[in-house]
Every structure is written in structure tokens, then in C-alpha cells.
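Okay, structure first, notes after.
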Amino acid sequence: MTVDKQAPGSGSIMVVGGGISGLTTALEAAEVGYEVFIIEKNPYLGGRVSQLNQYFPKLCPPTCGLEINFRRIKDNPNIKVFTLAEVEKVNGAPGNYSVDVKLSPRYVNSNCTCCGECAKVCETEVPNDFNFGMDRIKGAYLPHEMAFPSRYVISSRIIGTEDAKKVKAACKYDAVELDMETKTVSLSVGSLVWATGWEPYDANRIDNLGFGRYQNIVTNMMMERLAAPNGPTQGKILRPSDDKAPETIAFVQCAGSRDENHLPYCSYICCMASLKQATYVRALYPDAKIYVFYIDIRSPGQRYEKFYQMVKADPNVVFIKGKVAEVSEDPDTKNITVVAENALTGEKIRQTVDMVVLATGMQPTAANVKLPAELKFNSDGFIINDFEKGGMFGTGCAAKPFDVTSANQHATGMALKAIQTLVNR
């Protein structure tokens, strides 16, 4: 007779990352009865999708998909959410892991009603990370108006200051706790799904494209925030140097992608993001002229191809097949001149525009921050799933570049894999 000496496994699943992939994984597992822990490093759920103005396929705002998911989370007792949380250590084997999670203080407890009195009295301003530093917010803030959990955050930068005391005094609900400390909790889970998402590639590293040197060069994610009604300009696309409405805009595709010196792969969605952003500009400024510099336009699938053809038919959108070699700025007007060689005609093109948008690529978060677990990665930092071993899986843009629809589909599959680990133990 054989005796199974394996320690009893846990029937719980941990999802690391509360973006769209993490939310989908968590909900799919919880709604069939499993206990799920969501671990999110930001003070809110929603990830990159919450920063978009609109997303494919229906070009609806993020409230459209996230609101339903947040309601499902609220209504599901199987899901426990930890924000401002990071996994520090993973021990154990498939079916039986012990995970140490570090919880950073929010300095605001669950009494918070989002009345905003704390922000009114706070005088200190800090850079707004949600808007990529394009504006500033108070040291007591709601990350954005759709933030879930719907609760203010006190920036650690004001702790110990007079401002912090004012913030505490202004709260009628005893929600501000300035003595909250970092703590670590240990959770037992049977499987982990890493939905750690992506970061925009650092455009400062692409020397020839002028980001960081010239004010009127922004990245595609900054453009998304400029177009969003809750962004730094309340949805008006204005050039940063003088808040002027741009009459001409150049989109530079593959900024850092498909480049051996930066990201050697195609980031899958950048072409479509630029085409979508061209429609934002055209809707706001009917006379604006747009130039798209590209290597190849990648519009995967019938729906995206149709969208590309629609944008291409617009006489105010000019497509130029050519990789941008350099950019320069007119110090007086702050206009940008983009230089490229037209791959079809061989001629050198110099196009001067009011503003440039760099279609920077999608880099997995794990390429810059080492995940504290025994996972396999490819040379670009994407997680390679080991289905034979089981137990831990990467999903969404932690596994490969995806659009929202494909990320959701992948996340559903990984929820199933996580459940299989529990069932098979």
C-alpha cells in the first residue's frame, strides 16, 4: 500500500496583477466556486486599460468593461482584493504554495466615503503617475474617478508633514490613519497566475527620436491620456509646449519595436493604437493633417483590417512607408521636423509638424522587475508556461503582446489551467 505523504493542498488561487487579464482570470475561477486572491501593486484595479481613452473592438471607454467586472468582484465573496500589494516570496510546489505578500500602507481605511475633504486641505502636489507625469495631483488623492476600490490614498511623500496633520483633521469619518505601516501576510494557495502586464517601452532610450528633449514629442500612452476626458487636458488633445491645438501630427510607428537595439519583436497593437488615435484627432480637429510613418501596417484580422481601410480612406491621413531616422526641433516655434526615407520612392522626406506621437512598444513588466518565483522566461522577459509542471502560469501581456480581447481569452484559458492544478492534486 502506498501512502501519499504530500501535504494537503490549498483550494485557493492567487492572481498577481489586477489589470484586465488578472480580473478575467480571477472572475472565471471565483464564479465556479474557487477562493481567489488578487494581488495588485497599484492602489486601484484596472491596469493599463483604465488609462485608455477608448479600446477595441467597440471603441468604448474603459468604464464600459471595467465597471461590470468591478461589480462582479464586489458581489463575489470568493474574491479577496489586496491593493498596494506585491509578492515577495513563493515557496512550495503545485497544489501547495506559501506566498509572502508585502502590503504597503494607503494611510486611508475602509471608512473613506470619497468626500474629497482631505484633498481640499492638502497643499502639497505630487506628479500624477496615472497621467504619466503630465500633470500634478494633491498628496491626498483618488487615483482616478473610476478607481476601485473607491478610496483615497495619502502619498507617502507627505507623511510626517504639517500637510498630513491637516489632511487627518479634515476627515470627518476617521478614515485617515497616518500610523499605518508596511506589513507582510502569508497566504496558502494551490496555484498562481501571473498577470503582471506590460509597461510602455522607455522612449528616453530611443536616442534618435527626441523624446525627453523636445516637449512636443509624446508617447502613444501619453496621447491616450491626452484624449481621455479624465486626462490632464480633459480630453482636448493639445501640444505640451503651449497648449495649442495641433494642426499637423506625425505618428512614428515601431518606436523601439522590431529593433535589435530595443525590442526585437512586434508589439502587436501599436499600429492599431495609432490608427485609433488618428480618429481621435480627426474627430476633435476636422482640418488637422496626419502623417503616419510606418515599416508595415499590421492590422491582424478582418475587423482591424476594415478599420485600417476606413482610416486610410481619409484624405487628411497620409501614410508614408519609411522608418524615421531622426527628428529635430525649431527652437522658436517648437515644431518638430521628422526625417525618413520613403521605402517606395527612395526619396528623403522632411515633414514638419506641430506634434509627434511615438508608437512605443509593449514590454513585459517582468523584463524590468524580476518576479520572485521559479518561472521560465524568454529572452524578452515574457513568461513561458510550463503546462507539464503546472502550478504557476503567465497570462495576458505577461505572456505575449495582446489586445484586450485576446488577453481576455488567454486569461480564461489560464483560469482553467489554475483550476486543473487544484483538481489534479
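Ordered as shown in the C-alpha cells, chains take letters A, B, and onward, while each chain numbers its residues from 1 and ligands are numbered from 1 in the order shown.
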Test item: residues at most 12 Å from Lys312 in chain A, only C-alpha atoms, excluding those fewer than 2 positions along its chain, as a list in words: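 In the requested form, the answer reads Leu275, Lys276, Ala278, Thr279, Ile290, Tyr291, Val292, Ile297, Glu305, Lys306, Phe307, Tyr308, Gln309, Met310, Asp314, Pro315, Asn316, Val317, Val318, Phe319 and Ile320 of chain A.
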May I have the residues from that selection written out with N, CA and C atoms, as an mmCIF file, in the first residue's frame?
```
data_model
loop_
_atom_site.group_PDB
_atom_site.id
_atom_site.type_symbol
_atom_site.label_atom_id
_atom_site.label_comp_id
_atom_site.auth_asym_id
_atom_site.auth_seq_id
_atom_site.Cartn_x
_atom_site.Cartn_y
_atom_site.Cartn_z
ATOM 1 N N LEU A 275 -3.763 54.175 -35.386
ATOM 2 C CA LEU A 275 -4.915 54.407 -36.280
ATOM 3 C C LEU A 275 -6.107 54.899 -35.457
ATOM 4 N N LYS A 276 -6.290 54.294 -34.288
ATOM 5 C CA LYS A 276 -7.379 54.708 -33.386
ATOM 6 C C LYS A 276 -7.152 56.162 -32.955
ATOM 7 N N ALA A 278 -5.509 58.423 -34.501
ATOM 8 C CA ALA A 278 -5.743 59.312 -35.653
ATOM 9 C C ALA A 278 -7.226 59.689 -35.710
ATOM 10 N N THR A 279 -8.099 58.743 -35.354
ATOM 11 C CA THR A 279 -9.548 59.062 -35.365
ATOM 12 C C THR A 279 -9.900 60.022 -34.222
ATOM 13 N N ILE A 290 -2.693 64.480 -40.747
ATOM 14 C CA ILE A 290 -1.974 63.439 -40.005
ATOM 15 C C ILE A 290 -1.045 62.677 -40.954
ATOM 16 N N TYR A 291 0.185 62.442 -40.490
ATOM 17 C CA TYR A 291 1.176 61.676 -41.261
ATOM 18 C C TYR A 291 1.561 60.457 -40.441
ATOM 19 N N VAL A 292 1.429 59.271 -41.034
ATOM 20 C CA VAL A 292 1.782 58.032 -40.334
ATOM 21 C C VAL A 292 3.010 57.433 -41.008
ATOM 22 N N ILE A 297 2.105 48.180 -41.887
ATOM 23 C CA ILE A 297 0.923 48.319 -41.028
ATOM 24 C C ILE A 297 0.445 46.916 -40.702
ATOM 25 N N GLU A 305 -8.479 45.066 -40.076
ATOM 26 C CA GLU A 305 -8.176 45.434 -41.470
ATOM 27 C C GLU A 305 -9.213 46.430 -41.985
ATOM 28 N N LYS A 306 -10.463 46.185 -41.627
ATOM 29 C CA LYS A 306 -11.559 47.068 -42.034
ATOM 30 C C LYS A 306 -11.353 48.477 -41.444
ATOM 31 N N PHE A 307 -10.919 48.504 -40.181
ATOM 32 C CA PHE A 307 -10.668 49.776 -39.505
ATOM 33 C C PHE A 307 -9.526 50.525 -40.202
ATOM 34 N N TYR A 308 -8.473 49.776 -40.543
ATOM 35 C CA TYR A 308 -7.330 50.366 -41.249
ATOM 36 C C TYR A 308 -7.772 50.971 -42.579
ATOM 37 N N GLN A 309 -8.580 50.232 -43.332
ATOM 38 C CA GLN A 309 -9.047 50.722 -44.641
ATOM 39 C C GLN A 309 -9.896 51.994 -44.484
ATOM 40 N N MET A 310 -10.673 52.046 -43.387
ATOM 41 C CA MET A 310 -11.504 53.228 -43.137
ATOM 42 C C MET A 310 -10.618 54.459 -42.879
ATOM 43 N N ASP A 314 -9.387 58.275 -45.454
ATOM 44 C CA ASP A 314 -9.498 59.681 -45.035
ATOM 45 C C ASP A 314 -8.419 60.495 -45.761
ATOM 46 N N PRO A 315 -8.800 61.468 -46.562
ATOM 47 C CA PRO A 315 -7.796 62.233 -47.321
ATOM 48 C C PRO A 315 -6.839 63.044 -46.438
ATOM 49 N N ASN A 316 -7.217 63.275 -45.194
ATOM 50 C CA ASN A 316 -6.345 64.036 -44.292
ATOM 51 C C ASN A 316 -5.342 63.164 -43.535
ATOM 52 N N VAL A 317 -5.378 61.861 -43.808
ATOM 53 C CA VAL A 317 -4.399 60.955 -43.184
ATOM 54 C C VAL A 317 -3.486 60.420 -44.285
ATOM 55 N N VAL A 318 -2.199 60.742 -44.162
ATOM 56 C CA VAL A 318 -1.217 60.343 -45.188
ATOM 57 C C VAL A 318 -0.314 59.258 -44.620
ATOM 58 N N PHE A 319 -0.229 58.126 -45.311
ATOM 59 C CA PHE A 319 0.640 57.019 -44.874
ATOM 60 C C PHE A 319 1.947 57.064 -45.652
ATOM 61 N N ILE A 320 3.070 57.023 -44.917
ATOM 62 C CA ILE A 320 4.387 57.062 -45.561
ATOM 63 C C ILE A 320 5.168 55.835 -45.109
#
```
Would you please extract all helix (DSSP H, G or I) residues from range 12-143 of chain A, as assigned by DSSP on the backbone, and give them as a tab-separated table (two decimals) with all heavy atoms, in the first residue's frame?
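And here is the file that came out, part-v1.tsv:
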```tsv
chain	number	residue	atom	x	y	z
A	20	ILE	N	-6.75	43.89	-16.79
A	20	ILE	CA	-7.88	43.19	-17.43
A	20	ILE	C	-7.68	41.67	-17.45
A	20	ILE	O	-8.63	40.91	-17.23
A	20	ILE	CB	-8.17	43.77	-18.85
A	20	ILE	CG1	-9.57	43.39	-19.34
A	20	ILE	CG2	-7.12	43.38	-19.86
A	20	ILE	CD1	-10.71	44.16	-18.69
A	21	SER	N	-6.45	41.20	-17.66
A	21	SER	CA	-6.19	39.75	-17.66
A	21	SER	C	-6.37	39.16	-16.27
A	21	SER	O	-6.98	38.10	-16.10
A	21	SER	CB	-4.77	39.45	-18.15
A	21	SER	OG	-4.57	39.98	-19.43
A	22	GLY	N	-5.84	39.86	-15.27
A	22	GLY	CA	-5.96	39.38	-13.90
A	22	GLY	C	-7.41	39.34	-13.43
A	22	GLY	O	-7.84	38.38	-12.78
A	23	LEU	N	-8.17	40.37	-13.79
A	23	LEU	CA	-9.58	40.42	-13.41
A	23	LEU	C	-10.35	39.27	-14.04
A	23	LEU	O	-11.17	38.61	-13.40
A	23	LEU	CB	-10.22	41.75	-13.83
A	23	LEU	CG	-9.69	43.02	-13.15
A	23	LEU	CD1	-10.39	44.25	-13.74
A	23	LEU	CD2	-9.90	42.98	-11.65
A	24	THR	N	-10.07	39.02	-15.32
A	24	THR	CA	-10.77	37.93	-16.03
A	24	THR	C	-10.44	36.59	-15.40
A	24	THR	O	-11.32	35.78	-15.13
A	24	THR	CB	-10.40	37.95	-17.52
A	24	THR	OG1	-10.77	39.22	-18.07
A	24	THR	CG2	-11.11	36.85	-18.30
A	25	THR	N	-9.14	36.34	-15.15
A	25	THR	CA	-8.72	35.08	-14.53
A	25	THR	C	-9.42	34.90	-13.19
A	25	THR	O	-9.98	33.84	-12.90
A	25	THR	CB	-7.19	35.07	-14.30
A	25	THR	OG1	-6.53	35.32	-15.54
A	25	THR	CG2	-6.72	33.74	-13.75
A	26	ALA	N	-9.39	35.95	-12.36
A	26	ALA	CA	-9.97	35.87	-11.01
A	26	ALA	C	-11.46	35.59	-11.06
A	26	ALA	O	-11.98	34.73	-10.33
A	26	ALA	CB	-9.69	37.18	-10.27
A	27	LEU	N	-12.17	36.31	-11.93
A	27	LEU	CA	-13.63	36.15	-12.00
A	27	LEU	C	-14.02	34.78	-12.53
A	27	LEU	O	-14.95	34.15	-12.02
A	27	LEU	CB	-14.23	37.26	-12.87
A	27	LEU	CG	-14.29	38.62	-12.18
A	27	LEU	CD1	-14.46	39.74	-13.20
A	27	LEU	CD2	-15.42	38.67	-11.15
A	28	GLU	N	-13.30	34.31	-13.56
A	28	GLU	CA	-13.63	32.99	-14.13
A	28	GLU	C	-13.46	31.89	-13.08
A	28	GLU	O	-14.27	30.97	-13.00
A	28	GLU	CB	-12.75	32.69	-15.35
A	28	GLU	CG	-12.95	33.63	-16.53
A	28	GLU	CD	-14.27	33.43	-17.27
A	28	GLU	OE1	-15.07	32.58	-16.86
A	28	GLU	OE2	-14.50	34.14	-18.26
A	29	ALA	N	-12.40	32.00	-12.26
A	29	ALA	CA	-12.15	30.97	-11.24
A	29	ALA	C	-13.13	31.11	-10.06
A	29	ALA	O	-13.66	30.12	-9.56
A	29	ALA	CB	-10.71	31.06	-10.75
A	30	ALA	N	-13.37	32.35	-9.65
A	30	ALA	CA	-14.24	32.59	-8.48
A	30	ALA	C	-15.68	32.22	-8.77
A	30	ALA	O	-16.41	31.74	-7.89
A	30	ALA	CB	-14.14	34.04	-8.05
A	47	GLY	N	-5.51	48.20	-14.20
A	47	GLY	CA	-4.29	48.17	-15.01
A	47	GLY	C	-4.26	49.20	-16.12
A	47	GLY	O	-4.80	50.29	-16.01
A	48	ARG	N	-3.60	48.82	-17.22
A	48	ARG	CA	-3.41	49.74	-18.35
A	48	ARG	C	-4.73	50.13	-19.01
A	48	ARG	O	-4.86	51.24	-19.52
A	48	ARG	CB	-2.50	49.10	-19.42
A	48	ARG	CG	-1.09	48.88	-18.96
A	48	ARG	CD	-0.27	50.15	-18.99
A	48	ARG	NE	0.99	49.97	-18.30
A	48	ARG	CZ	1.59	50.89	-17.57
A	48	ARG	NH1	1.04	52.07	-17.41
A	48	ARG	NH2	2.73	50.64	-16.98
A	49	VAL	N	-5.71	49.21	-19.01
A	49	VAL	CA	-6.99	49.52	-19.67
A	49	VAL	C	-7.62	50.76	-19.06
A	49	VAL	O	-8.20	51.58	-19.76
A	49	VAL	CB	-7.94	48.30	-19.63
A	49	VAL	CG1	-9.36	48.68	-20.03
A	49	VAL	CG2	-7.42	47.21	-20.56
A	50	SER	N	-7.47	50.91	-17.74
A	50	SER	CA	-8.09	52.07	-17.08
A	50	SER	C	-7.47	53.39	-17.54
A	50	SER	O	-8.06	54.45	-17.37
A	50	SER	CB	-7.99	51.94	-15.56
A	50	SER	OG	-6.64	51.92	-15.14
A	51	GLN	N	-6.26	53.32	-18.15
A	51	GLN	CA	-5.60	54.54	-18.62
A	51	GLN	C	-5.97	54.89	-20.07
A	51	GLN	O	-5.59	55.95	-20.56
A	51	GLN	CB	-4.08	54.38	-18.53
A	51	GLN	CG	-3.57	54.36	-17.10
A	51	GLN	CD	-2.08	54.10	-17.05
A	51	GLN	OE1	-1.61	53.03	-17.41
A	51	GLN	NE2	-1.31	55.08	-16.61
A	63	THR	N	-14.60	52.44	-18.80
A	63	THR	CA	-15.72	52.23	-17.85
A	63	THR	C	-16.62	51.10	-18.35
A	63	THR	O	-17.14	50.32	-17.55
A	63	THR	CB	-16.58	53.51	-17.74
A	63	THR	OG1	-16.72	54.09	-19.03
A	63	THR	CG2	-15.97	54.53	-16.82
A	64	CYS	N	-16.74	51.02	-19.65
A	64	CYS	CA	-17.61	50.05	-20.31
A	64	CYS	C	-17.35	48.62	-19.84
A	64	CYS	O	-18.26	47.93	-19.44
A	64	CYS	CB	-17.36	50.20	-21.81
A	64	CYS	SG	-18.32	49.18	-22.86
A	65	GLY	N	-16.08	48.19	-19.86
A	65	GLY	CA	-15.78	46.81	-19.46
A	65	GLY	C	-15.43	46.69	-17.98
A	65	GLY	O	-15.78	45.71	-17.32
A	66	LEU	N	-14.73	47.68	-17.46
A	66	LEU	CA	-14.24	47.56	-16.08
A	66	LEU	C	-15.36	47.64	-15.05
A	66	LEU	O	-15.35	46.93	-14.05
A	66	LEU	CB	-13.19	48.64	-15.79
A	66	LEU	CG	-11.86	48.49	-16.53
A	66	LEU	CD1	-10.93	49.65	-16.21
A	66	LEU	CD2	-11.17	47.16	-16.20
A	67	GLU	N	-16.35	48.50	-15.30
A	67	GLU	CA	-17.43	48.70	-14.34
A	67	GLU	C	-18.15	47.38	-14.04
A	67	GLU	O	-18.43	47.05	-12.90
A	67	GLU	CB	-18.44	49.71	-14.91
A	67	GLU	CG	-19.00	50.64	-13.87
A	67	GLU	CD	-19.69	51.83	-14.52
A	67	GLU	OE1	-20.26	51.69	-15.60
A	67	GLU	OE2	-19.64	52.89	-13.91
A	68	ILE	N	-18.42	46.62	-15.10
A	68	ILE	CA	-19.12	45.33	-14.94
A	68	ILE	C	-18.25	44.39	-14.12
A	68	ILE	O	-18.72	43.72	-13.19
A	68	ILE	CB	-19.43	44.70	-16.32
A	68	ILE	CG1	-20.37	45.61	-17.11
A	68	ILE	CG2	-20.02	43.31	-16.18
A	68	ILE	CD1	-20.38	45.37	-18.60
A	69	ASN	N	-16.93	44.35	-14.43
A	69	ASN	CA	-16.02	43.47	-13.69
A	69	ASN	C	-15.93	43.87	-12.22
A	69	ASN	O	-15.90	43.01	-11.35
A	69	ASN	CB	-14.63	43.48	-14.33
A	69	ASN	CG	-14.59	42.65	-15.60
A	69	ASN	OD1	-15.42	41.76	-15.78
A	69	ASN	ND2	-13.65	42.91	-16.47
A	70	PHE	N	-15.89	45.17	-11.95
A	70	PHE	CA	-15.81	45.61	-10.56
A	70	PHE	C	-17.06	45.22	-9.79
A	70	PHE	O	-17.00	44.83	-8.63
A	70	PHE	CB	-15.59	47.14	-10.48
A	70	PHE	CG	-14.27	47.61	-11.02
A	70	PHE	CD1	-14.08	48.93	-11.42
A	70	PHE	CD2	-13.19	46.73	-11.15
A	70	PHE	CE1	-12.85	49.37	-11.92
A	70	PHE	CE2	-11.96	47.16	-11.65
A	70	PHE	CZ	-11.80	48.48	-12.04
A	71	ARG	N	-18.21	45.32	-10.46
A	71	ARG	CA	-19.46	44.92	-9.80
A	71	ARG	C	-19.44	43.42	-9.50
A	71	ARG	O	-19.86	42.99	-8.43
A	71	ARG	CB	-20.66	45.28	-10.68
A	71	ARG	CG	-21.99	45.14	-9.91
A	71	ARG	CD	-23.18	45.72	-10.64
A	71	ARG	NE	-22.99	47.12	-10.93
A	71	ARG	CZ	-23.11	47.65	-12.15
A	71	ARG	NH1	-23.44	46.88	-13.17
A	71	ARG	NH2	-22.94	48.93	-12.35
A	72	ARG	N	-18.94	42.64	-10.44
A	72	ARG	CA	-18.87	41.18	-10.25
A	72	ARG	C	-17.93	40.84	-9.08
A	72	ARG	O	-18.19	39.92	-8.31
A	72	ARG	CB	-18.39	40.49	-11.53
A	72	ARG	CG	-19.46	40.46	-12.62
A	72	ARG	CD	-18.86	40.13	-13.98
A	72	ARG	NE	-18.43	38.76	-14.13
A	72	ARG	CZ	-17.65	38.33	-15.12
A	72	ARG	NH1	-17.23	39.18	-16.05
A	72	ARG	NH2	-17.30	37.07	-15.20
A	73	ILE	N	-16.84	41.60	-8.96
A	73	ILE	CA	-15.90	41.37	-7.85
A	73	ILE	C	-16.58	41.70	-6.52
A	73	ILE	O	-16.48	40.96	-5.54
A	73	ILE	CB	-14.61	42.21	-8.04
A	73	ILE	CG1	-13.77	41.61	-9.17
A	73	ILE	CG2	-13.79	42.28	-6.76
A	73	ILE	CD1	-12.61	42.47	-9.61
A	74	LYS	N	-17.25	42.85	-6.49
A	74	LYS	CA	-17.93	43.30	-5.27
A	74	LYS	C	-18.96	42.27	-4.81
A	74	LYS	O	-19.12	42.03	-3.62
A	74	LYS	CB	-18.68	44.60	-5.58
A	74	LYS	CG	-18.21	45.80	-4.77
A	74	LYS	CD	-19.13	46.98	-5.03
A	74	LYS	CE	-18.33	48.24	-5.22
A	74	LYS	NZ	-19.07	49.34	-5.77
A	117	GLU	N	-12.61	65.89	1.12
A	117	GLU	CA	-12.21	66.97	2.03
A	117	GLU	C	-10.69	66.96	2.27
A	117	GLU	O	-10.07	68.00	2.43
A	117	GLU	CB	-12.96	66.87	3.38
A	117	GLU	CG	-14.45	67.17	3.28
A	117	GLU	CD	-14.75	68.58	2.75
A	117	GLU	OE1	-14.07	69.53	3.18
A	117	GLU	OE2	-15.65	68.72	1.89
A	118	CYS	N	-10.11	65.75	2.31
A	118	CYS	CA	-8.66	65.63	2.55
A	118	CYS	C	-7.87	66.31	1.44
A	118	CYS	O	-6.89	67.01	1.69
A	118	CYS	CB	-8.26	64.17	2.69
A	118	CYS	SG	-8.71	63.12	1.30
A	119	ALA	N	-8.32	66.13	0.19
A	119	ALA	CA	-7.62	66.74	-0.95
A	119	ALA	C	-7.75	68.26	-0.92
A	119	ALA	O	-6.81	68.98	-1.28
A	119	ALA	CB	-8.16	66.18	-2.26
A	120	LYS	N	-8.91	68.75	-0.46
A	120	LYS	CA	-9.13	70.20	-0.44
A	120	LYS	C	-8.13	70.93	0.45
A	120	LYS	O	-7.65	72.01	0.13
A	120	LYS	CB	-10.56	70.52	0.05
A	120	LYS	CG	-11.62	70.35	-1.02
A	120	LYS	CD	-13.00	70.71	-0.45
A	120	LYS	CE	-14.10	70.18	-1.35
A	120	LYS	NZ	-15.40	70.24	-0.69
A	121	VAL	N	-7.80	70.31	1.60
A	121	VAL	CA	-6.89	71.00	2.53
A	121	VAL	C	-5.42	70.70	2.26
A	121	VAL	O	-4.54	71.39	2.76
A	121	VAL	CB	-7.23	70.64	4.01
A	121	VAL	CG1	-8.63	71.06	4.36
A	121	VAL	CG2	-6.99	69.16	4.29
A	129	ASP	N	1.19	59.93	-11.63
A	129	ASP	CA	1.69	58.76	-12.38
A	129	ASP	C	0.63	58.23	-13.35
A	129	ASP	O	0.97	57.70	-14.41
A	129	ASP	CB	2.10	57.64	-11.42
A	129	ASP	CG	3.29	58.04	-10.56
A	129	ASP	OD1	4.04	58.95	-10.97
A	129	ASP	OD2	3.45	57.46	-9.46
A	130	PHE	N	-0.64	58.35	-12.97
A	130	PHE	CA	-1.72	57.85	-13.83
A	130	PHE	C	-1.70	58.56	-15.18
A	130	PHE	O	-2.04	57.97	-16.20
A	130	PHE	CB	-3.07	58.05	-13.12
A	130	PHE	CG	-4.21	57.31	-13.77
A	130	PHE	CD1	-4.31	55.93	-13.64
A	130	PHE	CD2	-5.18	57.98	-14.50
A	130	PHE	CE1	-5.37	55.24	-14.24
A	130	PHE	CE2	-6.24	57.30	-15.09
A	130	PHE	CZ	-6.33	55.92	-14.96
A	131	ASN	N	-1.30	59.84	-15.18
A	131	ASN	CA	-1.20	60.62	-16.43
A	131	ASN	C	0.25	60.74	-16.91
A	131	ASN	O	0.61	61.68	-17.61
A	131	ASN	CB	-1.79	62.02	-16.23
A	131	ASN	CG	-3.31	61.99	-16.15
A	131	ASN	OD1	-3.95	61.07	-16.65
A	131	ASN	ND2	-3.90	62.99	-15.51
```
Val87 in chain A surroundings by only C-alpha atoms, 7 Å radius, close-in-sequence under 4 positions cut, as a list of chain:residue names: A:Asp100, A:Val101, A:Lys102
For Ala325 in chain A, please output as a PyMOL selection string all residues within 7 Å (counting only C-alpha atoms; exclusion window: fewer than 3 positions along the same chain). chain A and resi 208+339-340
Pick from A:Thr421, A:Gln277, A:Asn220, A:Thr412: nearest to Ser10 in chain A, with only C-alpha atoms counted? A:Thr421
Polymer residues at most 10 Å from Glu125 in chain A, only C-alpha atoms, same-chain spacing of 6 or more positions, as an MDAnalysis selection string: chainID A and resid 119 135:141 155 157:158
What are the DSSP strand (DSSP E) residues of range 17-155 of chain A, as a ChimeraX atom specification? /A:35-39,79-82,85-93,96-103,125-127,136-138,140-141,153-154
I'd like the neighbourhood of range 31-34 of chain A as a list in words, where a residue qualifies if any of its atoms comes within 7 Å (using only C-alpha atoms), though same-chain residues fewer than 4 positions away should be ignored.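 That gives Gly11, Ser12, Leu27 and Asn78 of chain A.
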Would you export the selected residues with N, CA and C atoms as a JSON list (two decimals), in the first residue's frame, please?
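Output contents, as saved in part15.json:
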```
[["chain", "number", "residue", "atom", "x", "y", "z"],
["A", 11, "GLY", "N", -7.08, 24.95, -1.81],
["A", 11, "GLY", "CA", -8.07, 25.10, -2.88],
["A", 11, "GLY", "C", -8.18, 26.52, -3.38],
["A", 12, "SER", "N", -7.17, 27.35, -3.08],
["A", 12, "SER", "CA", -7.22, 28.76, -3.46],
["A", 12, "SER", "C", -6.29, 29.06, -4.63],
["A", 27, "LEU", "N", -12.17, 36.31, -11.93],
["A", 27, "LEU", "CA", -13.63, 36.15, -12.00],
["A", 27, "LEU", "C", -14.02, 34.78, -12.53],
["A", 78, "ASN", "N", -16.04, 35.09, -2.93],
["A", 78, "ASN", "CA", -14.84, 34.24, -3.13],
["A", 78, "ASN", "C", -13.58, 35.04, -3.45]]
```
Have a look at A:Gly133, A:Gly95, A:Pro143, A:Gly231 and name the one nearest to Gly116 in chain A; count only C-alpha atoms. A:Pro143
Can you work out which one of A:Leu59, A:Met180, A:Leu192, A:Ile38 has the shortest atom-to-atom distance to Met272 in chain A, counting only C-alpha atoms? A:Leu59
Tell me, as number ranges by chain, which residues lie within 9 Å of range 258-263 of chain A, counting only C-alpha atoms; anything in the same chain fewer than 4 positions away does not count. A: 201, 205-206, 254, 267, 361-363, 380
Please produce an output containing N, CA and C atoms for each residue in the selection, written as a PDB file, in the first residue's frame.
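Wrote it out as again_28.pdb, contents follow:
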```pdb
ATOM      1  N   TYR A 201       7.534  50.857 -23.431  1.00  0.00           N
ATOM      2  CA  TYR A 201       8.996  50.878 -23.525  1.00  0.00           C
ATOM      3  C   TYR A 201       9.487  52.304 -23.266  1.00  0.00           C
ATOM      4  N   ARG A 205      15.115  56.040 -24.137  1.00  0.00           N
ATOM      5  CA  ARG A 205      16.247  55.210 -24.578  1.00  0.00           C
ATOM      6  C   ARG A 205      16.417  55.212 -26.101  1.00  0.00           C
ATOM      7  N   ILE A 206      15.406  55.754 -26.818  1.00  0.00           N
ATOM      8  CA  ILE A 206      15.493  55.764 -28.292  1.00  0.00           C
ATOM      9  C   ILE A 206      16.076  57.120 -28.700  1.00  0.00           C
ATOM     10  N   CYS A 254       6.556  51.719 -34.703  1.00  0.00           N
ATOM     11  CA  CYS A 254       7.701  50.884 -34.300  1.00  0.00           C
ATOM     12  C   CYS A 254       8.777  51.698 -33.599  1.00  0.00           C
ATOM     13  N   SER A 267       5.075  44.591 -31.293  1.00  0.00           N
ATOM     14  CA  SER A 267       4.235  44.678 -30.091  1.00  0.00           C
ATOM     15  C   SER A 267       2.745  44.514 -30.387  1.00  0.00           C
ATOM     16  N   GLY A 361       6.667  50.565 -27.957  1.00  0.00           N
ATOM     17  CA  GLY A 361       6.262  49.168 -27.839  1.00  0.00           C
ATOM     18  C   GLY A 361       5.862  48.761 -26.430  1.00  0.00           C
ATOM     19  N   MET A 362       5.424  47.514 -26.356  1.00  0.00           N
ATOM     20  CA  MET A 362       4.891  46.915 -25.138  1.00  0.00           C
ATOM     21  C   MET A 362       5.956  45.992 -24.562  1.00  0.00           C
ATOM     22  N   GLN A 363       6.425  46.310 -23.365  1.00  0.00           N
ATOM     23  CA  GLN A 363       7.452  45.482 -22.731  1.00  0.00           C
ATOM     24  C   GLN A 363       6.859  44.813 -21.497  1.00  0.00           C
ATOM     25  N   ASP A 380      13.068  38.072 -24.056  1.00  0.00           N
ATOM     26  CA  ASP A 380      12.451  39.402 -23.982  1.00  0.00           C
ATOM     27  C   ASP A 380      11.718  39.647 -22.663  1.00  0.00           C
TER      28      ASP A 380
END
```
Among listed residues A:Asn109, A:Ser274, A:Asn342, A:Asn91, nearest Val324 in chain A (using only C-alpha atoms):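 With only C-alpha atoms as the atom set, the closest residue is A:Asn342.
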CA of Tyr285 in chain A to CA of Thr248 in chain A: how many Å, to one decimal? 9.9 Å
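Of the listed residues (A:Lys400, A:Arg151, A:Lys183, A:Lys172), A:Lys400 comes nearest to Pro364 in chain A; the distances count only C-alpha atoms.
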With distances taken over only C-alpha atoms, which of A:Ala170, A:Val189, A:Met355, A:Val153 is nearest to Asp243 in chain A?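 Distance minimum relative to Asp243 in chain A lands on A:Met355.
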